[in-house]
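Structure data follow from protein-v7.cif (mmCIF, C-alpha atoms):
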```cif
data_model
loop_
_atom_site.label_atom_id
_atom_site.label_comp_id
_atom_site.auth_asym_id
_atom_site.auth_seq_id
_atom_site.Cartn_x
_atom_site.Cartn_y
_atom_site.Cartn_z
CA MET D 1 18.24 2.10 -16.16
CA SER D 2 17.70 1.26 -12.51
CA LEU D 3 19.48 2.31 -9.39
CA ASN D 4 21.67 -0.74 -10.00
CA ASP D 5 23.31 1.23 -12.79
CA PHE D 6 24.63 3.86 -10.37
CA SER D 7 28.31 3.35 -9.62
CA ASN D 8 29.71 3.56 -6.09
CA THR D 9 27.36 5.88 -4.17
CA ASN D 10 24.58 5.57 -6.73
CA ALA D 11 25.93 8.64 -8.55
CA LEU D 12 25.38 9.10 -12.25
CA GLU D 13 28.12 9.96 -14.69
CA SER D 14 28.54 13.72 -15.07
CA ASN D 15 27.97 13.53 -18.82
CA ALA D 16 24.79 11.44 -18.67
CA LEU D 17 22.00 12.33 -21.08
CA PHE D 18 18.33 12.45 -20.16
CA VAL D 19 15.02 12.65 -21.94
CA LEU D 20 11.90 14.36 -20.58
CA PRO D 21 8.84 15.81 -22.36
CA GLU D 22 9.81 19.50 -22.26
CA ALA D 23 12.31 19.37 -25.15
CA ARG D 24 14.93 22.08 -25.43
CA SER D 25 17.20 21.05 -28.32
CA VAL D 26 16.78 18.77 -31.31
CA MET D 27 19.36 17.09 -33.51
CA SER D 28 17.75 16.85 -36.95
CA PRO D 29 19.15 15.37 -40.15
CA VAL D 30 19.20 18.90 -41.61
CA SER D 31 20.88 20.88 -38.87
CA LYS D 32 23.07 18.10 -37.45
CA THR D 33 22.86 20.04 -34.21
CA GLU D 34 24.81 18.39 -31.44
CA PRO D 35 22.68 17.25 -28.55
CA LYS D 36 22.93 19.15 -25.31
CA ARG D 37 24.71 17.33 -22.49
CA VAL D 38 23.03 17.80 -19.15
CA PRO D 39 25.21 17.50 -16.04
CA ALA D 40 23.76 15.10 -13.49
CA GLN D 41 23.80 15.01 -9.74
CA ARG D 42 23.46 12.17 -7.30
CA LEU D 43 20.11 10.41 -6.98
CA GLU D 44 19.78 7.97 -4.08
CA ILE D 45 17.02 5.80 -2.64
CA THR D 46 16.77 8.11 0.37
CA SER D 47 15.82 11.02 -1.89
CA ILE D 48 12.50 9.41 -2.85
CA PRO D 49 10.64 10.34 0.38
CA LYS D 50 11.77 13.93 -0.14
CA ALA D 51 10.32 13.84 -3.64
CA MET D 52 7.10 12.41 -2.21
CA ARG D 53 6.82 15.26 0.27
CA SER D 54 7.43 17.81 -2.49
CA MET D 55 4.40 16.33 -4.29
CA GLY D 56 2.29 16.39 -1.12
CA TRP D 57 2.51 12.61 -0.65
CA THR D 58 2.97 12.83 3.11
CA THR D 59 1.67 9.38 4.04
CA SER D 60 3.76 7.71 1.32
CA ALA D 61 6.84 9.52 2.57
CA ARG D 62 6.26 8.51 6.19
CA LEU D 63 5.88 4.84 5.28
CA MET D 64 9.05 4.81 3.21
CA GLU D 65 11.00 6.75 5.83
CA ARG D 66 9.96 4.15 8.39
CA TRP D 67 11.24 1.35 6.16
CA LEU D 68 14.52 3.12 5.37
CA SER D 69 15.31 3.92 9.00
CA THR D 70 14.46 0.64 10.77
CA PRO D 71 16.73 -2.41 11.20
CA ALA D 72 16.79 -4.80 8.25
CA TRP D 73 14.03 -7.41 8.27
CA THR D 74 12.65 -9.41 5.34
CA MET D 75 8.99 -10.33 5.62
CA PRO D 76 8.57 -14.12 5.39
CA PRO D 77 5.97 -15.41 2.88
CA VAL D 78 3.77 -16.86 5.65
CA VAL D 79 2.78 -13.34 6.72
CA LYS D 80 0.84 -12.90 3.47
CA LYS D 81 -1.04 -16.18 3.72
CA PRO D 82 -4.75 -16.18 4.64
CA GLY D 83 -5.37 -16.75 8.31
CA PHE D 84 -2.00 -15.47 9.49
CA ASP D 85 -2.31 -13.94 12.97
CA GLU D 86 -0.52 -10.56 12.95
CA ARG D 87 -0.66 -10.52 16.75
CA THR D 88 2.28 -12.95 16.68
CA LEU D 89 4.53 -10.35 15.03
CA ASP D 90 6.85 -8.15 17.03
CA THR D 91 5.48 -4.61 17.28
CA SER D 92 8.48 -3.39 15.28
CA HIS D 93 7.12 -5.32 12.30
CA CYS D 94 3.65 -3.73 12.39
CA ASP D 95 2.44 -0.16 12.07
CA ASP D 96 -1.07 1.07 12.81
CA THR D 97 -0.34 4.80 13.17
CA ILE D 98 0.73 6.15 9.78
CA VAL D 99 -2.25 5.18 7.61
CA THR D 100 -5.52 6.59 8.93
CA MET D 101 -9.04 6.10 7.67
CA ALA D 102 -9.57 9.86 7.82
CA TRP D 103 -6.80 10.19 5.23
CA ALA D 104 -7.81 7.14 3.16
CA THR D 105 -11.48 8.10 2.82
CA ARG D 106 -10.47 11.19 0.84
CA PHE D 107 -9.79 8.91 -2.12
CA GLU D 108 -12.61 7.79 -4.36
CA ARG D 109 -11.36 4.21 -4.79
CA LEU D 110 -11.48 3.68 -1.03
CA GLN D 111 -14.95 5.24 -0.86
CA ASP D 112 -16.09 2.77 -3.54
CA ALA D 113 -14.57 -0.14 -1.57
CA ILE D 114 -16.38 0.96 1.60
CA ALA D 115 -19.68 1.11 -0.28
CA SER D 116 -19.04 -2.39 -1.61
CA VAL D 117 -18.44 -4.05 1.77
CA GLN D 118 -21.28 -2.10 3.37
CA ARG D 119 -23.74 -3.47 0.79
CA THR D 120 -22.98 -7.07 1.68
CA SER D 121 -21.52 -6.72 5.19
CA PHE D 122 -21.00 -10.40 6.05
CA HIS D 123 -24.33 -11.47 4.58
CA THR D 124 -22.70 -13.62 1.90
CA ARG D 125 -22.05 -17.34 1.84
CA ASN D 126 -18.36 -16.88 2.66
CA GLY D 127 -19.02 -14.12 5.16
CA LEU D 128 -21.59 -16.16 7.05
CA ALA D 129 -19.27 -19.17 7.07
CA LEU D 130 -16.47 -17.03 8.47
CA LEU D 131 -18.74 -15.54 11.12
CA ASN D 132 -19.75 -19.04 12.24
CA LYS D 133 -16.05 -19.92 12.43
CA ARG D 134 -15.47 -16.86 14.63
CA LEU D 135 -18.18 -18.23 16.95
CA ASP D 136 -16.48 -21.60 17.50
CA GLY D 137 -16.23 -20.89 21.22
CA TRP D 138 -19.97 -20.46 21.62
CA ASP D 139 -21.81 -23.23 23.48
CA LYS D 140 -24.91 -22.56 21.30
CA THR D 141 -27.12 -22.05 24.36
CA THR D 142 -26.24 -18.94 26.37
CA PRO D 143 -25.65 -15.56 24.63
CA TYR D 144 -22.10 -15.12 23.36
CA LYS D 145 -20.42 -11.74 22.87
CA LEU D 146 -18.05 -11.44 19.90
CA GLY D 147 -15.44 -8.69 20.18
CA TYR D 148 -15.92 -5.26 21.70
CA TYR D 149 -16.14 -1.69 20.48
CA GLY D 150 -12.73 -0.01 20.34
CA MET D 151 -10.72 -3.24 20.34
CA PRO D 152 -7.20 -3.05 18.82
CA VAL D 153 -7.11 -3.47 15.08
CA ARG D 154 -4.90 -6.58 15.15
CA SER D 155 -7.37 -8.27 17.51
CA LEU D 156 -10.28 -7.17 15.33
CA GLU D 157 -8.57 -8.80 12.33
CA ALA D 158 -7.87 -12.06 14.18
CA GLN D 159 -11.20 -12.46 15.99
CA CYS D 160 -13.94 -10.57 14.15
CA GLN D 161 -13.03 -10.04 10.48
CA VAL D 162 -15.76 -11.37 8.20
CA ASN D 163 -15.43 -9.62 4.84
CA ALA D 164 -12.86 -7.90 2.64
CA THR D 165 -12.42 -6.27 -0.73
CA GLN D 166 -9.35 -5.19 -2.64
CA PHE D 167 -8.92 -1.64 -3.87
CA GLY D 168 -6.33 0.08 -6.04
CA SER D 169 -4.35 -1.29 -8.98
CA LEU D 170 -1.35 -0.56 -11.17
CA LEU D 171 -3.62 1.66 -13.26
CA SER D 172 -4.84 3.79 -10.36
CA THR D 173 -4.19 7.52 -10.28
CA LEU D 174 -0.63 8.43 -9.28
CA ASP D 175 -1.33 10.00 -5.91
CA ASP D 176 -0.48 9.64 -2.23
CA MET D 177 -2.60 6.50 -1.86
CA TYR D 178 -0.87 4.90 -4.86
CA GLY D 179 2.54 5.68 -3.37
CA ALA D 180 1.56 4.46 0.09
CA LEU D 181 -0.47 1.34 -0.61
CA GLY D 182 -0.67 0.53 -4.32
CA ASP D 183 -3.32 -2.16 -4.05
CA ALA D 184 -4.46 -3.10 -0.55
CA ASN D 185 -7.34 -4.71 1.30
CA LEU D 186 -10.26 -3.06 3.03
CA LYS D 187 -11.47 -5.33 5.83
CA ILE D 188 -14.65 -5.34 7.89
CA GLY D 189 -14.96 -6.77 11.37
CA VAL D 190 -18.24 -7.24 13.20
CA ILE D 191 -19.05 -6.78 16.88
CA GLY D 192 -22.18 -8.25 18.40
CA THR D 193 -23.92 -11.08 20.25
CA ALA D 194 -24.86 -14.59 19.16
CA TYR D 195 -27.99 -16.10 20.75
CA ARG D 196 -30.78 -18.62 20.22
CA GLU D 197 -34.39 -17.72 19.58
CA ASN D 198 -37.22 -20.01 18.56
CA GLY D 199 -34.70 -22.76 17.91
CA ARG D 200 -32.64 -20.64 15.48
CA ARG D 201 -29.09 -19.39 15.96
CA LEU D 202 -29.02 -15.65 15.41
CA PHE D 203 -26.45 -12.87 15.58
CA HIS D 204 -27.18 -9.28 16.54
CA ALA D 205 -24.52 -6.91 15.15
CA ASP D 206 -24.15 -3.62 17.01
CA HIS D 207 -20.92 -2.26 15.46
CA VAL D 208 -18.76 -2.86 12.43
CA GLY D 209 -15.16 -1.76 12.12
CA LEU D 210 -13.61 -0.85 8.75
CA TYR D 211 -9.84 -0.86 8.36
CA ILE D 212 -7.03 -1.28 5.82
CA LEU D 213 -4.49 -4.09 5.81
CA ASP D 214 -1.39 -4.17 3.61
CA GLN D 215 2.19 -5.43 3.65
CA TYR D 216 5.03 -2.95 3.10
CA ASP D 217 7.86 -4.96 1.61
CA PHE D 218 10.11 -5.11 -1.44
CA ASN D 219 10.07 -8.84 -2.13
CA GLY D 220 9.88 -10.08 -5.71
CA TRP D 221 10.05 -8.01 -8.87
CA GLN D 222 8.15 -4.74 -9.17
CA TYR D 223 8.69 -1.49 -11.04
CA LEU D 224 8.17 1.41 -8.63
CA GLY D 225 8.20 4.32 -11.03
CA THR D 226 10.70 6.65 -12.64
CA TRP D 227 11.81 9.26 -10.12
CA THR D 228 13.67 12.55 -10.00
CA LYS D 229 14.71 14.23 -6.77
CA ASP D 230 11.48 16.27 -6.90
CA LYS D 231 8.80 13.97 -8.27
CA VAL D 232 7.76 10.74 -9.91
CA LEU D 233 7.30 10.99 -13.66
CA THR D 234 3.79 10.55 -14.99
CA ARG D 235 3.18 7.41 -17.02
CA GLY D 236 3.37 9.48 -20.17
CA GLU D 237 6.64 11.12 -19.15
CA ALA D 238 8.16 7.79 -18.16
CA THR D 239 7.17 6.21 -21.46
CA PHE D 240 8.63 9.15 -23.35
CA ALA D 241 11.86 8.91 -21.38
CA GLU D 242 12.25 5.26 -22.38
CA THR D 243 11.89 5.99 -26.11
CA TYR D 244 15.14 7.97 -26.39
CA THR D 245 16.47 7.67 -29.96
CA GLY D 246 19.44 10.06 -29.84
CA ARG D 247 17.47 12.68 -31.73
CA ARG D 248 15.89 14.56 -28.86
CA ILE D 249 17.78 15.74 -25.78
CA VAL D 250 16.02 17.91 -23.25
CA ASP D 251 16.90 20.17 -20.40
CA LEU D 252 16.44 18.21 -17.17
CA ARG D 253 15.15 20.91 -14.85
CA SER D 254 14.46 18.71 -11.82
CA GLY D 255 17.70 16.77 -11.61
CA PRO D 256 18.60 13.18 -12.54
CA PHE D 257 16.02 10.48 -12.96
CA ALA D 258 16.09 6.72 -12.56
CA LYS D 259 13.74 3.79 -12.93
CA VAL D 260 13.30 2.26 -9.49
CA PHE D 261 12.59 -1.39 -8.73
CA ASN D 262 12.10 -3.52 -5.61
CA GLU D 263 15.62 -4.86 -5.97
CA ASP D 264 17.06 -1.38 -5.45
CA PHE D 265 15.58 -1.31 -1.95
CA ARG D 266 16.87 -4.79 -1.23
CA GLU D 267 20.35 -3.65 -2.27
CA TYR D 268 20.02 -0.68 0.07
CA ARG D 269 19.13 -3.10 2.87
CA ASN D 270 22.11 -5.33 2.13
CA ARG D 271 24.45 -2.35 1.98
CA THR D 272 23.27 -0.43 5.04
CA GLY D 273 21.69 -2.97 7.40
CA ARG D 274 18.55 -0.83 7.40
CA GLY D 275 15.25 -1.51 5.69
CA GLY D 276 12.64 -3.34 7.74
CA ASP D 277 9.50 -4.73 6.10
CA PHE D 278 6.30 -4.31 8.10
CA VAL D 279 2.57 -4.97 8.07
CA VAL D 280 0.44 -1.86 7.63
CA PHE D 281 -2.82 -1.49 9.50
CA SER D 282 -4.92 1.63 9.47
CA ASP D 283 -6.85 2.69 12.50
CA VAL D 284 -10.48 1.51 12.68
CA LEU D 285 -13.45 3.41 11.32
CA TRP D 286 -16.22 2.33 13.67
CA GLN D 287 -19.85 2.41 12.59
CA ARG D 288 -22.93 1.76 14.68
CA VAL D 289 -25.34 -0.82 13.26
CA ASP D 290 -28.45 -2.63 14.46
CA LYS D 291 -28.94 -5.79 12.42
CA VAL D 292 -29.92 -9.37 13.15
CA PHE D 293 -28.66 -12.22 10.96
CA ASP D 294 -29.70 -15.82 10.81
CA LEU D 295 -26.58 -17.92 11.31
CA GLU D 296 -28.27 -20.90 9.71
CA ALA D 297 -29.47 -19.08 6.61
CA GLU D 298 -29.04 -20.69 3.19
CA LEU D 299 -27.43 -17.99 1.06
#
```
Before we go any further, please render this structure as C-alpha cells.
Amino acid sequence: MSLNDFSNTNALESNALFVLPEARSVMSPVSKTEPKRVPAQRLEITSIPKAMRSMGWTTSARLMERWLSTPAWTMPPVVKKPGFDERTLDTSHCDDTIVTMAWATRFERLQDAIASVQRTSFHTRNGLALLNKRLDGWDKTTPYKLGYYGMPVRSLEAQCQVNATQFGSLLSTLDDMYGALGDANLKIGVIGTAYRENGRRLFHADHVGLYILDQYDFNGWQYLGTWTKDKVLTRGEATFAETYTGRRIVDLRSGPFAKVFNEDFREYRNRTGRGGDFVVFSDVLWQRVDKVFDLEAEL
C-alpha cells in the first residue's frame, strides 16, 4: 500500500485493517475469533514532518517542510552530474542553512567519513590531479593564492574542492541523519598558495574546509519507509506489517500507516503546485593546516 491507494484526500477506509508487532487479538483455527477492525484516520504527506519531530528528527523535518512549502520545481539531471556549478542555480534551489556540521558530526558515520578524507586529504592521484586543475589560472612563476578562509560553500565547491567520500546507506541506522540525507557526500576543499621552489611546483595548504553536499529530490523510484502519524516503523515492524495473513490483527495505537514512495511526493507536487527540489549544502567546518605538497609528485 502506498499513498497512491488513498482515495480523494488520501484518507483510508474507515474499516481498514492494520498489522503491527504489538498483537492484541488472534484468529486461530480453534477459536475462529473474528479479527478486530481498527478505525483509521487520515494520513497525508504533510503529516510526515510532524512524525519526524515527534521522534526528535528536527533536521529531517525542516528539510521536508522546506520542500513541501516551496513552489514546485523538479531538479534536472544535470545538477547531479560531476562538475556541475551550483553557483548557477537560483538561491531558491539551494539551501546551506538547515544542515550544519555541528549537527552532522554527532553521527558516527560522518565522523568516520571525516577521518577518511583527513587521512588522504588531496594527496591521492585523483586529488592531486584535481588540485592542478584548480590551479589552471596560475602562471607557474609568481605565487598564486587559491581560495580564502571563510569563502561561501558554493564557491568552495566550485573552486577548491579536491576530495570527497560518500557516507550513509540504505542499511544505516534509522535516525535524523538517515531521514535528512540518506546517503550523501562529504567534500573537502583546500585553501593555500601555489609557488615554485628549486624548480618544483609546490602548494602550501593553510586551511581545509569540510562540508556536506546532497540533492533533496524525489525523482525516480525509492521506498521512503512505512509511516504512521507519530513515527516511521522500524525495519522489523515494516517487514511484519507486510506479512499480514489474515490471522493476526493488532491494535493500531499510533494511527494509520502507509508505505511511502518518491512518487507520492511527486503526486503531491502535481496536485498542489508546491514541492521544490533543492541542493543541500551544510555550512563549512574549517580546519587549520600547515602542509606542503609537491604538485609534480608521482603518486
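Minimum distance to D:Arg62 across D:Val280, D:Leu135, D:Cys160, D:Met151 (counting only C-alpha atoms) occurs at D:Val280.
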Next on the checklist: Nearest residue to D:Arg53 out of D:Asp230, D:Glu197, D:Asp85, D:Asp217, using only C-alpha atoms?
Outcome noted: D:Asp230
Checklist entry - Expanded to explicit residues, what is the PyMOL selection byres ((chain D and resi 203-215) around 8) for this file, as number ranges by chain? => result D: 80, 101, 114, 149, 153, 156, 181, 184-195, 201-202, 216-217, 277-295
Checklist entry - Skipping near chain neighbours, those fewer than 3 positions away, what residues fall within 6 Å of stretch 118-126 of chain D using all atoms listed in the file, listed as a list in words? => result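 Here the qualifying residues turn out to be Ala115, Ala129, Val162, Asn163 and Leu299 of chain D.
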Would you output that residue set with C-alpha atoms, as an mmCIF file, in the frame of the given file?
```
data_model
loop_
_atom_site.group_PDB
_atom_site.id
_atom_site.type_symbol
_atom_site.label_atom_id
_atom_site.label_comp_id
_atom_site.auth_asym_id
_atom_site.auth_seq_id
_atom_site.Cartn_x
_atom_site.Cartn_y
_atom_site.Cartn_z
ATOM 1 C CA ALA D 115 -19.680 1.110 -0.280
ATOM 2 C CA ALA D 129 -19.270 -19.170 7.070
ATOM 3 C CA VAL D 162 -15.760 -11.370 8.200
ATOM 4 C CA ASN D 163 -15.430 -9.620 4.840
ATOM 5 C CA LEU D 299 -27.430 -17.990 1.060
#
```
Checklist entry - Given the file above and the PyMOL selection byres ((chain D and resi 174) around 12), which residues are selected, and can you give them as a PyMOL selection string? => result chain D and resi 52+55-57+60+107+168-173+175-182+224-226+231-236
Item to check | Polymer residues at most 9 Å from D:Met64, only C-alpha atoms, same-chain spacing of 3 or more positions, as a list in words | outcome: Thr46, Ile48, Pro49, Thr59, Ser60, Ala61, Trp67, Leu68, Ser69, Ala180 and Tyr216 of chain D
Next on the checklist: One number please: atom CA of D:Glu296 to atom CA of D:Leu128, in Å, one decimal.
Outcome noted: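 Atom-to-atom, atom CA of D:Glu296 and atom CA of D:Leu128 are spaced 8.6 Å apart.
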Checklist entry - Which residues fall under the PyMOL selection byres ((chain D and resi 87-89) around 10) in this file, as an NGL selection string? => result :D and (79 or 84-86 or 90-94 or 153-155 or 157-158 or 278-279)
Item to check | d(atom CA of D:Arg196, atom CA of D:Gly127) in Å | outcome: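 Between these atoms lies a distance of 19.6 Å.
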Please write out, as lines of an AutoDock Vina configuration file, where the centre of an axis-aligned box around all listed atoms of stretch 80-86 of chain D lies and how long its edges are, in Å to one decimal, after adding 5 Å on each side.
```
center_x = -2.3
center_y = -13.7
center_z = 8.2
size_x = 16.2
size_y = 16.2
size_z = 19.5
```
